[in-house]
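Enquirer: So that you have it, the file is my_file-v8.pdb, and it contains PDB, C-alpha atoms:
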MODEL        1
ATOM      1  CA  MET A 409     -17.991 -14.856  11.756
ATOM      2  CA  VAL A 410     -16.057 -12.376   9.639
ATOM      3  CA  GLU A 411     -17.692 -12.294   6.235
ATOM      4  CA  LEU A 412     -16.218 -11.352   2.884
ATOM      5  CA  ASN A 413     -17.760  -7.892   2.851
ATOM      6  CA  TYR A 414     -15.990  -6.821   6.068
ATOM      7  CA  TYR A 415     -12.601  -7.392   4.444
ATOM      8  CA  LEU A 416     -13.718  -5.556   1.294
ATOM      9  CA  GLY A 417     -15.055  -2.658   3.383
ATOM     10  CA  LEU A 418     -11.713  -2.311   5.189
ATOM     11  CA  SER A 419      -9.923  -2.408   1.836
ATOM     12  CA  SER A 420     -12.121   0.352   0.364
ATOM     13  CA  ILE A 421     -11.591   2.614   3.410
ATOM     14  CA  LEU A 422      -7.797   2.202   3.196
ATOM     15  CA  PHE A 423      -7.887   2.924  -0.551
ATOM     16  CA  ALA A 424      -9.827   6.164  -0.032
ATOM     17  CA  ILE A 425      -7.408   7.305   2.702
ATOM     18  CA  GLY A 426      -4.588   6.707   0.229
ATOM     19  CA  VAL A 427      -6.408   8.838  -2.364
ATOM     20  CA  ILE A 428      -6.771  11.653   0.199
ATOM     21  CA  GLY A 429      -3.036  11.436   0.895
ATOM     22  CA  VAL A 430      -2.137  11.700  -2.794
ATOM     23  CA  LEU A 431      -4.435  14.671  -3.373
ATOM     24  CA  VAL A 432      -3.799  16.707  -0.219
ATOM     25  CA  ARG A 433      -0.113  16.269   0.625
ATOM     26  CA  ARG A 434       2.560  18.175  -1.314
ATOM     27  CA  ASN A 435       5.612  16.215  -0.199
ATOM     28  CA  ALA A 436       6.621  13.774  -2.960
ATOM     29  CA  ILE A 437       7.764  11.092  -0.501
ATOM     30  CA  ILE A 438       4.459  11.131   1.376
ATOM     31  CA  ILE A 439       2.547  10.957  -1.918
ATOM     32  CA  PHE A 440       4.655   7.912  -2.715
ATOM     33  CA  MET A 441       3.833   6.320   0.633
ATOM     34  CA  SER A 442       0.136   6.943   0.016
ATOM     35  CA  ILE A 443       0.468   5.078  -3.273
ATOM     36  CA  GLU A 444       1.971   2.160  -1.348
ATOM     37  CA  LEU A 445      -1.043   2.309   0.976
ATOM     38  CA  MET A 446      -3.364   2.036  -2.033
ATOM     39  CA  PHE A 447      -1.361  -0.934  -3.357
ATOM     40  CA  ASN A 448      -1.794  -2.547   0.020
ATOM     41  CA  SER A 449      -5.559  -2.129   0.062
ATOM     42  CA  ILE A 450      -5.816  -3.686  -3.409
ATOM     43  CA  ASN A 451      -3.702  -6.614  -2.191
ATOM     44  CA  LEU A 452      -6.076  -7.025   0.740
ATOM     45  CA  SER A 453      -9.143  -7.265  -1.498
ATOM     46  CA  LEU A 454      -7.386  -9.698  -3.872
ATOM     47  CA  ILE A 455      -6.358 -11.968  -1.006
ATOM     48  CA  SER A 456      -9.798 -11.913   0.568
ATOM     49  CA  PHE A 457     -11.397 -12.964  -2.725
ATOM     50  CA  SER A 458      -8.684 -15.594  -3.148
ATOM     51  CA  SER A 459      -9.262 -17.273   0.191
ATOM     52  CA  PHE A 460     -13.047 -16.980   0.180
ATOM     53  CA  LEU A 461     -13.248 -18.563  -3.286
ATOM     54  CA  GLY A 462     -10.450 -21.090  -2.652
ATOM     55  CA  ASP A 463      -8.620 -19.892  -5.777
ATOM     56  CA  VAL A 464      -4.847 -19.421  -5.727
ATOM     57  CA  THR A 465      -4.692 -16.926  -8.631
ATOM     58  CA  GLY A 466      -5.343 -13.928  -6.415
ATOM     59  CA  GLN A 467      -2.358 -14.719  -4.210
ATOM     60  CA  ILE A 468      -0.105 -15.229  -7.250
ATOM     61  CA  LEU A 469      -1.193 -11.792  -8.502
ATOM     62  CA  VAL A 470      -0.421 -10.258  -5.096
ATOM     63  CA  PHE A 471       3.037 -11.848  -5.248
ATOM     64  CA  PHE A 472       3.738 -10.118  -8.568
ATOM     65  CA  ILE A 473       2.246  -6.832  -7.319
ATOM     66  CA  ILE A 474       4.709  -6.894  -4.405
ATOM     67  CA  ALA A 475       7.610  -7.530  -6.827
ATOM     68  CA  VAL A 476       6.528  -4.620  -9.041
ATOM     69  CA  ALA A 477       6.014  -2.378  -5.984
ATOM     70  CA  ALA A 478       9.579  -3.075  -4.878
ATOM     71  CA  ALA A 479      10.913  -2.128  -8.320
ATOM     72  CA  GLU A 480       8.701   0.960  -8.394
ATOM     73  CA  ALA A 481       9.881   2.080  -4.948
ATOM     74  CA  ALA A 482      13.550   1.780  -5.948
ATOM     75  CA  ILE A 483      13.069   3.760  -9.173
ATOM     76  CA  GLY A 484      10.758   6.347  -7.622
ATOM     77  CA  LEU A 485      13.092   7.070  -4.713
ATOM     78  CA  ALA A 486      16.031   7.376  -7.126
ATOM     79  CA  ILE A 487      14.013   9.930  -9.122
ATOM     80  CA  ILE A 488      13.192  11.826  -5.914
ATOM     81  CA  ILE A 489      16.887  11.918  -4.952
ATOM     82  CA  ALA A 490      17.824  13.204  -8.436
ATOM     83  CA  LEU A 491      15.078  15.848  -8.211
ATOM     84  CA  PHE A 492      16.228  16.951  -4.767
ATOM     85  CA  ARG A 493      19.776  17.261  -6.039
ATOM     86  CA  ASN A 494      18.674  19.514  -8.890
ATOM     87  CA  LYS A 495      15.910  21.526  -7.280
ATOM     88  CA  GLY A 496      16.710  21.397  -3.581
ATOM     89  CA  THR A 497      13.114  20.524  -2.702
ATOM     90  CA  VAL A 498      10.650  17.649  -2.854
ATOM     91  CA  ASN A 499       7.560  19.867  -2.773
ATOM     92  CA  ILE A 500       5.698  18.980  -5.939
ATOM     93  CA  ASP A 501       4.210  22.485  -6.250
ATOM     94  CA  GLU A 502       7.714  23.835  -6.893
ATOM     95  CA  ILE A 503       8.686  21.079  -9.324
ATOM     96  CA  ASN A 504       6.879  22.250 -12.442
ATOM     97  CA  ILE A 505       9.401  22.182 -15.289
ATOM     98  CA  LEU A 506       7.160  19.844 -17.284
ATOM     99  CA  LYS A 507       4.066  21.902 -16.626
ATOM    100  CA  TRP A 508       2.768  23.980 -19.477
TER     101      TRP A 508
ATOM    102  CA  MET B 937     -13.318 -19.325  18.418
ATOM    103  CA  GLN B 938     -15.506 -17.462  15.929
ATOM    104  CA  ASN B 939     -15.814 -14.528  18.301
ATOM    105  CA  LEU B 940     -12.037 -14.505  18.658
ATOM    106  CA  GLU B 941     -11.675 -14.147  14.876
ATOM    107  CA  LEU B 942     -14.077 -11.197  14.873
ATOM    108  CA  ILE B 943     -12.244  -9.545  17.787
ATOM    109  CA  PHE B 944      -8.884  -9.912  16.042
ATOM    110  CA  PHE B 945     -10.332  -8.575  12.786
ATOM    111  CA  ILE B 946     -11.801  -5.507  14.485
ATOM    112  CA  ALA B 947      -8.554  -4.831  16.360
ATOM    113  CA  PHE B 948      -6.438  -5.094  13.200
ATOM    114  CA  ALA B 949      -8.926  -2.992  11.220
ATOM    115  CA  ILE B 950      -8.910  -0.215  13.819
ATOM    116  CA  ILE B 951      -5.090  -0.209  13.947
ATOM    117  CA  ALA B 952      -4.907  -0.151  10.132
ATOM    118  CA  ILE B 953      -7.375   2.725   9.677
ATOM    119  CA  TYR B 954      -5.917   4.756  12.573
ATOM    120  CA  SER B 955      -2.352   4.396  11.328
ATOM    121  CA  ALA B 956      -3.393   5.218   7.740
ATOM    122  CA  ILE B 957      -5.072   8.437   8.905
ATOM    123  CA  MET B 958      -2.061   9.329  11.060
ATOM    124  CA  MET B 959       0.244   8.599   8.105
ATOM    125  CA  VAL B 960      -1.605  11.092   5.915
ATOM    126  CA  THR B 961      -1.848  13.827   8.549
ATOM    127  CA  ARG B 962       1.620  13.853  10.191
ATOM    128  CA  ARG B 963       3.897  16.799   9.374
ATOM    129  CA  ASN B 964       7.164  14.949   9.930
ATOM    130  CA  PRO B 965       7.891  12.458   7.088
ATOM    131  CA  ILE B 966       9.647  10.042   9.447
ATOM    132  CA  SER B 967       6.612   9.624  11.678
ATOM    133  CA  SER B 968       4.528   9.177   8.515
ATOM    134  CA  ALA B 969       6.824   6.333   7.450
ATOM    135  CA  LEU B 970       6.667   4.711  10.896
ATOM    136  CA  PHE B 971       2.861   4.867  10.897
ATOM    137  CA  LEU B 972       2.882   3.288   7.430
ATOM    138  CA  ILE B 973       4.949   0.416   8.863
ATOM    139  CA  LEU B 974       2.343  -0.005  11.619
ATOM    140  CA  ASN B 975      -0.351  -0.071   8.935
ATOM    141  CA  PHE B 976       1.496  -2.783   6.976
ATOM    142  CA  PHE B 977       1.813  -4.789  10.182
ATOM    143  CA  ALA B 978      -1.940  -4.603  10.829
ATOM    144  CA  VAL B 979      -2.741  -5.574   7.244
ATOM    145  CA  SER B 980      -0.404  -8.560   7.438
ATOM    146  CA  GLY B 981      -2.327  -9.612  10.545
ATOM    147  CA  VAL B 982      -5.502  -9.487   8.459
ATOM    148  CA  TYR B 983      -3.756 -11.686   5.857
ATOM    149  CA  LEU B 984      -3.114 -14.236   8.605
ATOM    150  CA  LEU B 985      -6.823 -14.180   9.477
ATOM    151  CA  LEU B 986      -7.483 -14.956   5.793
ATOM    152  CA  LYS B 987      -5.082 -17.935   6.075
ATOM    153  CA  ALA B 988      -2.624 -16.499   3.546
ATOM    154  CA  GLN B 989       0.467 -17.236   5.638
ATOM    155  CA  PHE B 990       3.049 -16.928   2.889
ATOM    156  CA  ILE B 991       1.826 -13.534   1.675
ATOM    157  CA  ALA B 992       1.692 -12.273   5.282
ATOM    158  CA  ILE B 993       5.358 -13.190   5.815
ATOM    159  CA  ILE B 994       6.326 -11.708   2.435
ATOM    160  CA  GLN B 995       4.512  -8.514   3.442
ATOM    161  CA  VAL B 996       6.585  -8.283   6.632
ATOM    162  CA  LEU B 997       9.867  -9.121   4.917
ATOM    163  CA  VAL B 998       9.566  -7.180   1.669
ATOM    164  CA  TYR B 999       7.334  -4.219   2.546
ATOM    165  CA  MET B1000       8.246  -3.569   6.162
ATOM    166  CA  GLY B1001      11.792  -4.874   5.891
ATOM    167  CA  ALA B1002      13.043  -3.714   2.520
ATOM    168  CA  ILE B1003      10.828  -1.010   1.036
ATOM    169  CA  MET B1004      10.214   0.990   4.203
ATOM    170  CA  VAL B1005      13.911   0.912   5.132
ATOM    171  CA  LEU B1006      14.570   2.400   1.692
ATOM    172  CA  PHE B1007      11.983   5.108   2.384
ATOM    173  CA  LEU B1008      13.461   5.909   5.787
ATOM    174  CA  PHE B1009      16.972   6.063   4.332
ATOM    175  CA  VAL B1010      15.868   8.507   1.637
ATOM    176  CA  ILE B1011      13.983  10.688   4.134
ATOM    177  CA  MET B1012      17.037  10.840   6.386
ATOM    178  CA  LEU B1013      19.380  11.498   3.420
ATOM    179  CA  LEU B1014      17.283  14.410   2.201
ATOM    180  CA  ASN B1015      17.147  15.943   5.706
ATOM    181  CA  LEU B1016      13.674  17.416   5.281
ATOM    182  CA  HIS B1017      12.225  19.751   7.861
ATOM    183  CA  ASP B1018       8.620  19.733   9.013
ATOM    184  CA  GLU B1019       6.069  21.067   6.593
ATOM    185  CA  ASN B1020       3.604  23.839   7.309
ATOM    186  CA  LYS B1021       0.677  22.882   9.447
ATOM    187  CA  LEU B1022      -2.100  21.385   7.387
ATOM    188  CA  SER B1023      -4.550  23.905   8.853
ATOM    189  CA  GLU B1024      -2.365  26.803   7.623
ATOM    190  CA  SER B1025      -2.394  25.647   4.022
ATOM    191  CA  ILE B1026      -6.074  24.950   3.389
ATOM    192  CA  THR B1027      -7.138  25.879  -0.121
ATOM    193  CA  TYR B1028     -10.332  25.316  -2.045
ATOM    194  CA  ARG B1029      -8.507  22.698  -4.085
ATOM    195  CA  LYS B1030      -7.710  20.653  -0.991
ATOM    196  CA  ILE B1031     -11.226  20.937   0.411
ATOM    197  CA  THR B1032     -12.642  19.753  -2.917
ATOM    198  CA  ALA B1033     -10.110  16.907  -3.016
ATOM    199  CA  VAL B1034     -11.066  15.707   0.462
ATOM    200  CA  LEU B1035     -14.788  15.936  -0.274
ATOM    201  CA  LEU B1036     -14.396  13.986  -3.524
ATOM    202  CA  SER B1037     -12.256  11.349  -1.790
ATOM    203  CA  ILE B1038     -14.896  10.922   0.907
ATOM    204  CA  LEU B1039     -17.464  10.527  -1.858
ATOM    205  CA  LEU B1040     -15.228   7.871  -3.432
ATOM    206  CA  MET B1041     -14.928   6.153  -0.056
ATOM    207  CA  GLY B1042     -18.703   6.104   0.266
ATOM    208  CA  LEU B1043     -19.162   4.701  -3.228
ATOM    209  CA  LEU B1044     -16.559   1.956  -2.773
ATOM    210  CA  PHE B1045     -17.828   1.122   0.689
ATOM    211  CA  VAL B1046     -21.472   0.851  -0.409
ATOM    212  CA  THR B1047     -20.558  -1.260  -3.444
ATOM    213  CA  PHE B1048     -18.235  -3.632  -1.621
ATOM    214  CA  PHE B1049     -19.787  -3.784   1.836
ATOM    215  CA  PHE B1050     -23.475  -3.905   0.922
ATOM    216  CA  GLY B1051     -23.048  -5.474  -2.521
ATOM    217  CA  PHE B1052     -21.314  -8.533  -1.080
ATOM    218  CA  MET B1053     -23.380  -8.722   2.106
ATOM    219  CA  GLY B1054     -24.315 -12.332   2.848
ATOM    220  CA  LYS B1055     -22.738 -13.650  -0.372
ATOM    221  CA  LYS B1056     -19.804 -15.484   1.234
ATOM    222  CA  SER B1057     -19.835 -16.031   4.964
ATOM    223  CA  GLU B1058     -17.002 -18.538   5.452
ATOM    224  CA  ILE B1059     -13.460 -18.910   4.239
ATOM    225  CA  HIS B1060     -13.187 -21.708   1.679
ATOM    226  CA  GLU B1061     -12.062 -24.992   3.247
ATOM    227  CA  THR B1062      -9.020 -25.232   0.953
ATOM    228  CA  ALA B1063      -7.805 -21.727   1.925
ATOM    229  CA  GLY B1064      -5.446 -23.104   4.578
ATOM    230  CA  THR B1065      -3.753 -25.303   1.971
ATOM    231  CA  ILE B1066      -3.388 -22.783  -0.840
ATOM    232  CA  GLY B1067      -1.891 -20.135   1.431
ATOM    233  CA  LYS B1068       1.115 -22.316   2.255
ATOM    234  CA  ALA B1069       4.540 -21.709   0.722
ATOM    235  CA  GLU B1070       4.562 -25.284  -0.605
ATOM    236  CA  PHE B1071       1.417 -24.886  -2.705
ATOM    237  CA  LEU B1072       2.231 -21.340  -3.852
ATOM    238  CA  GLY B1073       5.761 -22.377  -4.812
ATOM    239  CA  LYS B1074       4.468 -25.245  -6.936
ATOM    240  CA  GLU B1075       2.037 -22.912  -8.700
ATOM    241  CA  LEU B1076       4.690 -20.217  -9.211
ATOM    242  CA  PHE B1077       7.389 -22.450 -10.625
ATOM    243  CA  LEU B1078       5.212 -24.813 -12.672
ATOM    244  CA  LYS B1079       2.253 -22.858 -13.970
ATOM    245  CA  TYR B1080       3.598 -19.307 -13.708
ATOM    246  CA  ALA B1081       7.292 -19.941 -14.451
ATOM    247  CA  PHE B1082       7.461 -17.437 -17.312
ATOM    248  CA  PRO B1083       5.939 -14.522 -15.337
ATOM    249  CA  VAL B1084       8.449 -15.234 -12.546
ATOM    250  CA  GLU B1085      11.285 -14.872 -15.064
ATOM    251  CA  ILE B1086       9.770 -11.617 -16.346
ATOM    252  CA  ALA B1087       9.525 -10.317 -12.767
ATOM    253  CA  GLY B1088      13.195 -11.132 -12.236
ATOM    254  CA  LEU B1089      14.092  -9.190 -15.391
ATOM    255  CA  LEU B1090      11.971  -6.263 -14.185
ATOM    256  CA  LEU B1091      13.785  -6.208 -10.844
ATOM    257  CA  LEU B1092      17.152  -6.264 -12.616
ATOM    258  CA  ALA B1093      16.082  -3.326 -14.808
ATOM    259  CA  ALA B1094      14.882  -1.474 -11.695
ATOM    260  CA  VAL B1095      18.220  -1.983  -9.917
ATOM    261  CA  VAL B1096      20.200  -0.744 -12.932
ATOM    262  CA  GLY B1097      17.836   2.201 -13.412
ATOM    263  CA  ALA B1098      17.995   3.210  -9.747
ATOM    264  CA  VAL B1099      21.805   3.147  -9.748
ATOM    265  CA  VAL B1100      21.999   5.195 -12.946
ATOM    266  CA  LEU B1101      19.424   7.749 -11.765
ATOM    267  CA  ALA B1102      20.848   8.234  -8.291
ATOM    268  CA  LYS B1103      24.511   8.291  -9.329
ATOM    269  CA  LYS B1104      24.480  10.694 -12.235
ATOM    270  CA  LYS B1105      24.948  14.392 -11.654
ATOM    271  CA  PHE B1106      22.742  16.186 -14.158
ATOM    272  CA  GLU B1107      24.301  19.178 -15.916
TER     273      GLU B1107
ENDMDL
END
Can you give me the file's structure in the form of structure tokens?
Expert:
Amino acid sequence: MVELNYYLGLSSILFAIGVIGVLVRRNAIIIFMSIELMFNSINLSLISFSSFLGDVTGQILVFFIIAVAAAEAAIGLAIIIALFRNKGTVNIDEINILKW
Amino acid sequence: MQNLELIFFIAFAIIAIYSAIMMVTRRNPISSALFLILNFFAVSGVYLLLKAQFIAIIQVLVYMGAIMVLFLFVIMLLNLHDENKLSESITYRKITAVLLSILLMGLLFVTFFFGFMGKKSEIHETAGTIGKAEFLGKELFLKYAFPVEIAGLLLLAAVVGAVVLAKKKFE
């Protein structure tokens, strides 16, 4: 039988891989995709708690997280396109106009 | 039957972890995006094992259908070339980042895997009912009607913001 802690273990591994992606990669789009991966692992842990406890609230929260992730993806990709138009690159080491 | 569930879980978990690692390590952004789609597919299979049918379908439609198509479009619009090899750009900062992330993975894994060991061994008997679109729809439109409206407003704001940001030529 697959117990609750297997699902939570899978979720924590996926979250840490997402963190590695954000910290190591320099391409803004891939950093963005790693953030989506982390969203996904959080959704997985919420849904596993929801169905092991028989409580619907976790799935409602996941529904809203997906809606917010869609909005965030649209805005973030628009920002990346605007940045690429101005700077000609999406490497975040070269985009440092707000850095002190 | 119970063994079958375990086999499916292990298969989906291996696909998910493999595609996540490949997503982080590929040089070409398009293959990264395709591996991320594979990862979403595996995770939606895990949702089906948890009897959350509606969320699994939403994951396929919204994440794999809409969001990843947007990502692929942007990658193809920007016409990016391959990055440097990861092994050519190793710095102390990256090594520290990877070590700290592995530490984080260990911490999360120990807390979640061993902390919840033996606490819950079976899916709740009502899980099959609450995962259905019927039940979730009733909850969303009766109990959570106001948050649904707020989410709609947020999506509208996001659409307007994306159009404004992507259209305007900055001086």
Enquirer: Using 7 Å as the limit and counting all atoms listed in the file, can you tabulate each residue of chain A that touches chain B, with its shortest atom-to-atom distance in Å and the two atoms involved, as a Markdown table?
Expert:
| residue | atom | partner | partner_atom | distance |
| --- | --- | --- | --- | --- |
| A:Met409 | CA | B:Gln938 | CA | 5.5 |
| A:Val410 | CA | B:Leu942 | CA | 5.7 |
| A:Glu411 | CA | B:Ser1057 | CA | 4.5 |
| A:Leu412 | CA | B:Lys1056 | CA | 5.7 |
| A:Asn413 | CA | B:Phe1049 | CA | 4.7 |
| A:Tyr414 | CA | B:Phe1049 | CA | 6.4 |
| A:Leu416 | CA | B:Phe1048 | CA | 5.7 |
| A:Gly417 | CA | B:Phe1049 | CA | 5.1 |
| A:Leu418 | CA | B:Ala949 | CA | 6.7 |
| A:Ser420 | CA | B:Leu1044 | CA | 5.7 |
| A:Ile421 | CA | B:Met1041 | CA | 6.0 |
| A:Leu422 | CA | B:Ile953 | CA | 6.5 |
| A:Ala424 | CA | B:Met1041 | CA | 5.1 |
| A:Ile425 | CA | B:Ile957 | CA | 6.7 |
| A:Val427 | CA | B:Ser1037 | CA | 6.4 |
| A:Ile428 | CA | B:Ser1037 | CA | 5.8 |
| A:Gly429 | CA | B:Val960 | CA | 5.2 |
| A:Leu431 | CA | B:Ala1033 | CA | 6.1 |
| A:Val432 | CA | B:Lys1030 | CA | 5.6 |
| A:Ile438 | CA | B:Pro965 | CA | 6.8 |
| A:Ser456 | CA | B:Leu986 | CA | 6.5 |
| A:Ser459 | CA | B:Ala1063 | CA | 5.0 |
| A:Phe460 | CA | B:Ile1059 | CA | 4.5 |
| A:Leu461 | CA | B:His1060 | CA | 5.9 |
| A:Gly462 | CA | B:His1060 | CA | 5.2 |
| A:Val464 | CA | B:Ile1066 | CA | 6.1 |
| A:Ala475 | CA | B:Ala1087 | CA | 6.8 |
| A:Ala478 | CA | B:Ile1003 | CA | 6.4 |
| A:Ala479 | CA | B:Ala1094 | CA | 5.3 |
| A:Ala481 | CA | B:Ile1003 | CA | 6.8 |
| A:Ala482 | CA | B:Ala1098 | CA | 6.0 |
| A:Ile483 | CA | B:Ala1098 | CA | 5.0 |
| A:Ala486 | CA | B:Ala1102 | CA | 5.0 |
| A:Ile487 | CA | B:Leu1101 | CA | 6.4 |
| A:Ile489 | CA | B:Ala1102 | CA | 6.4 |
| A:Ala490 | CA | B:Ala1102 | CA | 5.8 |
Enquirer: I need the residue nearest A:Ile455 from this list: B:Ala992, B:Met958, B:Ala947, B:Ala978. Use all atoms listed in the file for the distance.
Expert: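 That would be B:Ala992, the residue with the smallest distance to A:Ile455.
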Enquirer: Quick one, how far is atom CA of B:Ile973 from atom CA of A:Val476?
Expert: 18.7 Å
Enquirer: Separation of atom CA of A:Ile474 and atom CA of B:Asn1015, in Å?
Expert: 27.9 Å
Enquirer: In Å, rounded to a single decimal, give me how far atom CA of A:Asn448 is from atom CA of A:Ile503.
Expert: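 A separation of 27.5 Å between them.
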Enquirer: Which centre and edge lengths in Å to one decimal define the box along x, y and z that fits every listed atom of stretch 474-480 of chain A plus 4 Å per side, as lines of an AutoDock Vina configuration file?
Expert:
center_x = 7.8
center_y = -3.3
center_z = -6.7
size_x = 14.2
size_y = 16.5
size_z = 12.6
Enquirer: Excluding A:Ile437 and residues on its chain fewer than 2 positions from it, collect all residues at most 8 Å away from it, counting only C-alpha atoms, and give them as a list in words.
Expert: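 Close residues of A:Ile437: Asn435, Ile439, Phe440, Met441, Leu485, Ile488 and Val498 of chain A; Pro965, Phe1007 and Ile1011 of chain B.
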